[in-house]
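Printed here is structure.pdb (PDB, C-alpha atoms):
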ATOM      1  CA  MET L   9       0.000   0.000   0.000
ATOM      2  CA  SER L  10       2.631   2.523   0.982
ATOM      3  CA  LYS L  11       4.398   3.673  -2.115
ATOM      4  CA  SER L  12       7.802   5.276  -1.726
ATOM      5  CA  LYS L  13       7.344   8.999  -2.133
ATOM      6  CA  ALA L  14      10.589   9.400  -4.043
ATOM      7  CA  SER L  15       9.367   7.080  -6.800
ATOM      8  CA  GLU L  16       6.413   9.295  -7.695
ATOM      9  CA  PRO L  17       7.382  12.172  -9.882
ATOM     10  CA  ASN L  18       6.211  15.413  -8.381
ATOM     11  CA  VAL L  19       3.899  17.625 -10.341
ATOM     12  CA  VAL L  20       3.674  21.400 -10.343
ATOM     13  CA  PHE L  21       0.564  22.798 -12.012
ATOM     14  CA  ILE L  22       1.249  26.082 -13.762
ATOM     15  CA  GLY L  23      -1.679  28.486 -13.678
ATOM     16  CA  SER L  24      -2.095  32.235 -13.710
ATOM     17  CA  LYS L  25       0.298  33.259 -10.927
ATOM     18  CA  THR L  26       3.621  34.922 -11.688
ATOM     19  CA  VAL L  27       6.382  32.863 -13.269
ATOM     20  CA  MET L  28       8.599  33.422 -10.246
ATOM     21  CA  SER L  29       6.107  31.850  -7.837
ATOM     22  CA  TYR L  30       6.251  28.641  -9.909
ATOM     23  CA  VAL L  31      10.025  28.825 -10.195
ATOM     24  CA  LEU L  32      10.174  28.965  -6.405
ATOM     25  CA  ALA L  33       7.776  26.011  -6.040
ATOM     26  CA  CYS L  34       9.897  23.957  -8.427
ATOM     27  CA  ILE L  35      13.194  24.810  -6.753
ATOM     28  CA  THR L  36      11.717  23.784  -3.403
ATOM     29  CA  GLN L  37      10.642  20.420  -4.836
ATOM     30  CA  LEU L  38      14.015  19.808  -6.465
ATOM     31  CA  ASN L  39      15.864  20.706  -3.277
ATOM     32  CA  GLU L  40      13.735  18.238  -1.296
ATOM     33  CA  GLY L  41      15.507  15.520  -3.202
ATOM     34  CA  ASN L  42      12.968  14.897  -5.946
ATOM     35  CA  GLN L  43      14.938  14.024  -9.026
ATOM     36  CA  ASP L  44      12.081  14.334 -11.481
ATOM     37  CA  LEU L  45       9.624  17.147 -11.624
ATOM     38  CA  ILE L  46       6.745  17.509 -14.043
ATOM     39  CA  LEU L  47       5.391  20.929 -14.983
ATOM     40  CA  LYS L  48       1.836  20.778 -16.278
ATOM     41  CA  ALA L  49      -0.032  23.618 -17.934
ATOM     42  CA  ARG L  50      -3.023  24.174 -20.167
ATOM     43  CA  GLY L  51      -4.068  26.863 -22.610
ATOM     44  CA  ARG L  52      -2.391  30.221 -22.196
ATOM     45  CA  ALA L  53      -0.398  29.024 -19.192
ATOM     46  CA  ILE L  54       1.677  26.858 -21.561
ATOM     47  CA  SER L  55       4.091  29.687 -22.331
ATOM     48  CA  ARG L  56       4.443  30.304 -18.595
ATOM     49  CA  ALA L  57       5.410  26.666 -18.083
ATOM     50  CA  VAL L  58       8.129  27.033 -20.723
ATOM     51  CA  ASP L  59       9.340  30.243 -19.044
ATOM     52  CA  THR L  60       9.457  28.452 -15.692
ATOM     53  CA  ALA L  61      11.476  25.528 -17.045
ATOM     54  CA  GLU L  62      13.918  27.819 -18.834
ATOM     55  CA  ILE L  63      14.484  30.064 -15.823
ATOM     56  CA  ILE L  64      15.047  27.066 -13.542
ATOM     57  CA  ARG L  65      17.638  25.363 -15.671
ATOM     58  CA  HIS L  66      19.505  28.473 -16.775
ATOM     59  CA  ARG L  67      19.464  30.528 -13.621
ATOM     60  CA  PHE L  68      18.751  28.506 -10.473
ATOM     61  CA  VAL L  69      19.313  24.779 -10.900
ATOM     62  CA  THR L  70      22.022  24.547 -13.509
ATOM     63  CA  ASP L  71      22.358  20.787 -13.068
ATOM     64  CA  ALA L  72      18.750  20.363 -14.181
ATOM     65  CA  GLN L  73      17.862  19.332 -17.695
ATOM     66  CA  ILE L  74      14.732  18.955 -19.789
ATOM     67  CA  LYS L  75      14.065  15.227 -19.927
ATOM     68  CA  LYS L  76      10.851  15.113 -21.903
ATOM     69  CA  ILE L  77       8.258  17.446 -23.387
ATOM     70  CA  GLU L  78       4.817  16.212 -24.370
ATOM     71  CA  ILE L  79       1.842  18.049 -25.737
ATOM     72  CA  SER L  80      -1.734  16.835 -25.762
ATOM     73  CA  THR L  81      -5.336  17.907 -26.038
ATOM     74  CA  GLU L  82      -7.650  17.796 -23.046
ATOM     75  CA  LYS L  83     -11.404  18.042 -22.955
ATOM     76  CA  ILE L  84     -12.737  20.472 -20.393
ATOM     77  CA  GLU L  85     -16.324  20.950 -19.262
ATOM     78  CA  ARG L  86     -17.792  24.272 -20.205
ATOM     79  CA  ARG L  87     -19.693  26.105 -17.505
ATOM     80  CA  GLU L  88     -22.548  26.650 -19.950
ATOM     81  CA  GLY L  89     -22.593  22.922 -20.847
ATOM     82  CA  GLY L  90     -20.750  20.923 -23.472
ATOM     83  CA  THR L  91     -17.003  20.458 -23.741
ATOM     84  CA  ALA L  92     -14.131  22.439 -25.202
ATOM     85  CA  ASN L  93     -10.711  21.267 -26.323
ATOM     86  CA  VAL L  94      -7.679  22.828 -24.740
ATOM     87  CA  SER L  95      -4.017  22.158 -25.448
ATOM     88  CA  ALA L  96      -1.794  21.000 -22.631
ATOM     89  CA  ILE L  97       1.940  20.570 -22.067
ATOM     90  CA  GLU L  98       3.972  18.392 -19.729
ATOM     91  CA  ILE L  99       7.613  19.289 -19.202
ATOM     92  CA  THR L 100       9.692  16.814 -17.218
ATOM     93  CA  ILE L 101      12.729  18.341 -15.545
ATOM     94  CA  SER L 102      15.409  16.074 -14.202
ATOM     95  CA  LYS L 103      18.438  16.758 -12.067
ATOM     96  CA  LYS L 104      21.655  15.432 -13.545
ATOM     97  CA  LYS L 105      23.268  12.764 -11.412
TER      98      LYS L 105
ATOM     99  CA  MET E  12      25.451  25.648 -54.186
ATOM    100  CA  SER E  13      21.901  24.582 -54.995
ATOM    101  CA  LYS E  14      20.533  22.662 -52.061
ATOM    102  CA  SER E  15      17.608  20.367 -52.652
ATOM    103  CA  LYS E  16      14.519  22.102 -51.338
ATOM    104  CA  ALA E  17      12.991  18.908 -50.025
ATOM    105  CA  SER E  18      15.939  18.307 -47.714
ATOM    106  CA  GLU E  19      15.454  21.555 -45.798
ATOM    107  CA  PRO E  20      12.827  21.293 -43.138
ATOM    108  CA  ASN E  21      10.247  23.991 -43.647
ATOM    109  CA  VAL E  22       9.618  26.447 -40.890
ATOM    110  CA  VAL E  23       6.384  28.168 -39.962
ATOM    111  CA  PHE E  24       6.773  31.075 -37.550
ATOM    112  CA  ILE E  25       3.824  31.360 -35.192
ATOM    113  CA  GLY E  26       2.984  34.934 -34.266
ATOM    114  CA  SER E  27      -0.160  36.780 -33.279
ATOM    115  CA  LYS E  28      -2.545  35.762 -36.066
ATOM    116  CA  THR E  29      -5.370  33.298 -35.436
ATOM    117  CA  VAL E  30      -4.511  29.654 -34.825
ATOM    118  CA  MET E  31      -6.457  28.636 -37.925
ATOM    119  CA  SER E  32      -4.323  30.786 -40.225
ATOM    120  CA  TYR E  33      -1.232  28.896 -39.032
ATOM    121  CA  VAL E  34      -3.020  25.556 -39.293
ATOM    122  CA  LEU E  35      -3.785  26.394 -42.922
ATOM    123  CA  ALA E  36      -0.171  27.414 -43.610
ATOM    124  CA  CYS E  37       1.079  24.146 -42.134
ATOM    125  CA  ILE E  38      -1.385  21.974 -44.031
ATOM    126  CA  THR E  39      -0.334  23.660 -47.262
ATOM    127  CA  GLN E  40       3.321  22.935 -46.525
ATOM    128  CA  LEU E  41       2.644  19.309 -45.628
ATOM    129  CA  ASN E  42       0.544  18.795 -48.755
ATOM    130  CA  GLU E  43       3.360  20.173 -50.909
ATOM    131  CA  GLY E  44       5.274  17.049 -49.992
ATOM    132  CA  ASN E  45       7.368  18.385 -47.129
ATOM    133  CA  GLN E  46       7.741  15.568 -44.671
ATOM    134  CA  ASP E  47       9.079  17.619 -41.815
ATOM    135  CA  LEU E  48       7.696  20.886 -40.653
ATOM    136  CA  ILE E  49       9.018  23.008 -37.802
ATOM    137  CA  LEU E  50       6.742  25.348 -35.890
ATOM    138  CA  LYS E  51       8.638  28.120 -34.129
ATOM    139  CA  ALA E  52       7.198  30.496 -31.584
ATOM    140  CA  ARG E  53       8.374  32.838 -28.868
ATOM    141  CA  GLY E  54       6.827  34.256 -25.717
ATOM    142  CA  ARG E  55       3.054  34.221 -25.564
ATOM    143  CA  ALA E  56       2.763  32.707 -29.025
ATOM    144  CA  ILE E  57       4.126  29.432 -27.596
ATOM    145  CA  SER E  58       0.662  28.247 -26.553
ATOM    146  CA  ARG E  59      -0.597  29.087 -30.043
ATOM    147  CA  ALA E  60       2.122  26.883 -31.544
ATOM    148  CA  VAL E  61       0.995  23.996 -29.332
ATOM    149  CA  ASP E  62      -2.628  24.615 -30.356
ATOM    150  CA  THR E  63      -1.608  24.601 -34.017
ATOM    151  CA  ALA E  64       0.284  21.318 -33.726
ATOM    152  CA  GLU E  65      -2.553  19.648 -31.828
ATOM    153  CA  ILE E  66      -5.248  20.759 -34.275
ATOM    154  CA  ILE E  67      -3.191  19.608 -37.260
ATOM    155  CA  ARG E  68      -2.501  16.127 -36.007
ATOM    156  CA  HIS E  69      -5.915  15.461 -34.493
ATOM    157  CA  ARG E  70      -8.184  17.067 -37.027
ATOM    158  CA  PHE E  71      -6.557  17.635 -40.401
ATOM    159  CA  VAL E  72      -3.436  15.549 -40.978
ATOM    160  CA  THR E  73      -4.051  12.436 -38.935
ATOM    161  CA  ASP E  74      -0.941  10.728 -40.306
ATOM    162  CA  ALA E  75       1.208  13.486 -38.808
ATOM    163  CA  GLN E  76       3.041  13.030 -35.539
ATOM    164  CA  ILE E  77       5.074  15.141 -33.163
ATOM    165  CA  LYS E  78       8.675  14.205 -33.827
ATOM    166  CA  LYS E  79      10.510  16.535 -31.471
ATOM    167  CA  ILE E  80       9.828  19.403 -29.101
ATOM    168  CA  GLU E  81      12.584  21.707 -27.936
ATOM    169  CA  ILE E  82      12.485  24.739 -25.738
ATOM    170  CA  SER E  83      15.128  27.413 -25.457
ATOM    171  CA  THR E  84      15.813  30.960 -24.382
ATOM    172  CA  GLU E  85      16.496  33.675 -26.935
ATOM    173  CA  LYS E  86      17.902  37.118 -26.384
ATOM    174  CA  ILE E  87      15.988  39.882 -28.084
ATOM    175  CA  GLU E  88      16.975  43.505 -28.514
ATOM    176  CA  ARG E  89      14.819  45.936 -26.616
ATOM    177  CA  ARG E  90      13.659  48.992 -28.493
ATOM    178  CA  GLU E  91      14.843  51.155 -25.576
ATOM    179  CA  GLY E  92      18.269  49.465 -25.590
ATOM    180  CA  GLY E  93      19.610  46.400 -23.800
ATOM    181  CA  THR E  94      18.394  42.852 -24.215
ATOM    182  CA  ALA E  95      15.562  40.767 -22.787
ATOM    183  CA  ASN E  96      15.270  37.008 -22.503
ATOM    184  CA  VAL E  97      12.316  35.331 -24.107
ATOM    185  CA  SER E  98      11.391  31.639 -24.131
ATOM    186  CA  ALA E  99      11.008  29.882 -27.442
ATOM    187  CA  ILE E 100       9.653  26.560 -28.652
ATOM    188  CA  GLU E 101      10.325  24.443 -31.721
ATOM    189  CA  ILE E 102       7.842  21.711 -32.557
ATOM    190  CA  THR E 103       8.810  19.364 -35.370
ATOM    191  CA  ILE E 104       5.867  17.683 -37.078
ATOM    192  CA  SER E 105       6.494  14.722 -39.315
ATOM    193  CA  LYS E 106       4.222  12.815 -41.646
ATOM    194  CA  LYS E 107       4.193   9.078 -41.051
ATOM    195  CA  LYS E 108       5.510   7.097 -43.988
TER     196      LYS E 108
END
Starting from the file, lay out its structure as structure tokens.
Amino acid sequence: MSKSKASEPNVVFIGSKTVMSYVLACITQLNEGNQDLILKARGRAISRAVDTAEIIRHRFVTDAQIKKIEISTEKIERREGGTANVSAIEITISKKK
Amino acid sequence: MSKSKASEPNVVFIGSKTVMSYVLACITQLNEGNQDLILKARGRAISRAVDTAEIIRHRFVTDAQIKKIEISTEKIERREGGTANVSAIEITISKKK
């Protein structure tokens, strides 16, 4: 039942806050010993996720590298009924060993 | 001197037009027999590039696949002098053989 926490990749959801607040969240995760970190974003937040990843690896965690980038389409429920398609991105950041 | 046109991957720069105008540009390129197509975008247009790629492969060119996604940081000249960093994305779309 109890799964080792280190084996689950940690996820940071990128929304509409400032880039720096996500950079800080990611650095905290990486410094806690998590080797892999996944940034997830949808719609307009996608460019913010890319900003976050770039700032982390160039400025703060220089031993981090982009391991994988995937894009997809997600269906979201519209408030007024029906569904809409929205693009999503997943950026996996990994600390070099 | 004369390089075969088919060997150069074609590039579509994603800017501030509508997603559908870029989708159309990409479909045209792919139908001209170009097997690889690179979508390039910077800053806020990054999410539009992801939208474009997703719409192409899910709706219009279903034998197309995402071959590679790269993110980077580019330096741009500020109008008022100095430089600013901006994130960039390159999405390579490839038609399945």
From the options L:Glu98, L:Glu82, L:Asp59, L:Glu88, which residue's atoms come nearest to chain E, counting only C-alpha atoms?
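Answer, going by the shortest atom-to-atom distance: L:Asp59.
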Run the PyMOL selection byres ((chain E) within 9 of (chain L)) mentally over the shown coordinates, then write out the matched residues as a ChimeraX atom specification, using the chain letters and numbers from the document.
/E:53-59,61-62,64-66,69,77,79-84,97-100
Need to verify the contact set: Leu32 in chain L, 10 Å, all atoms listed in the file, exclusion of same-chain residues closer than 5 positions in sequence. Can you return it as a PyMOL selection string?
chain L and resi 27+37-38+60+64+68
Restrict the selected residues to C-alpha atoms and save them as a PDB file, keeping the file's coordinate frame.
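Final file, out.pdb:
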ATOM      1  CA  VAL L  27       6.382  32.863 -13.269  1.00  0.00           C
ATOM      2  CA  GLN L  37      10.642  20.420  -4.836  1.00  0.00           C
ATOM      3  CA  LEU L  38      14.015  19.808  -6.465  1.00  0.00           C
ATOM      4  CA  THR L  60       9.457  28.452 -15.692  1.00  0.00           C
ATOM      5  CA  ILE L  64      15.047  27.066 -13.542  1.00  0.00           C
ATOM      6  CA  PHE L  68      18.751  28.506 -10.473  1.00  0.00           C
TER       7      PHE L  68
END
Take the PyMOL selection byres ((chain E and resi 103-108) around 6), apply it to the structure above, and return the hits as a list of chain:residue names.
E:Gln46, E:Asp47, E:Leu48, E:Ile49, E:Asp74, E:Ala75, E:Gln76, E:Ile77, E:Lys78, E:Lys79, E:Ile102
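Here CA of Lys25 in chain L and CA of Gly26 in chain E stand 23.6 Å from one another.
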Quick one: pull the distance between CA of Arg87 in chain L and CA of Ile22 in chain L, Å, one decimal.
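Taking CA of Arg87 in chain L and CA of Ile22 in chain L, their separation equals 21.3 Å.
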Å distance separating CA of Lys83 in chain L from CA of Phe21 in chain L, one decimal place:
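Interatomic distance, CA of Lys83 in chain L to CA of Phe21 in chain L: 16.9 Å.
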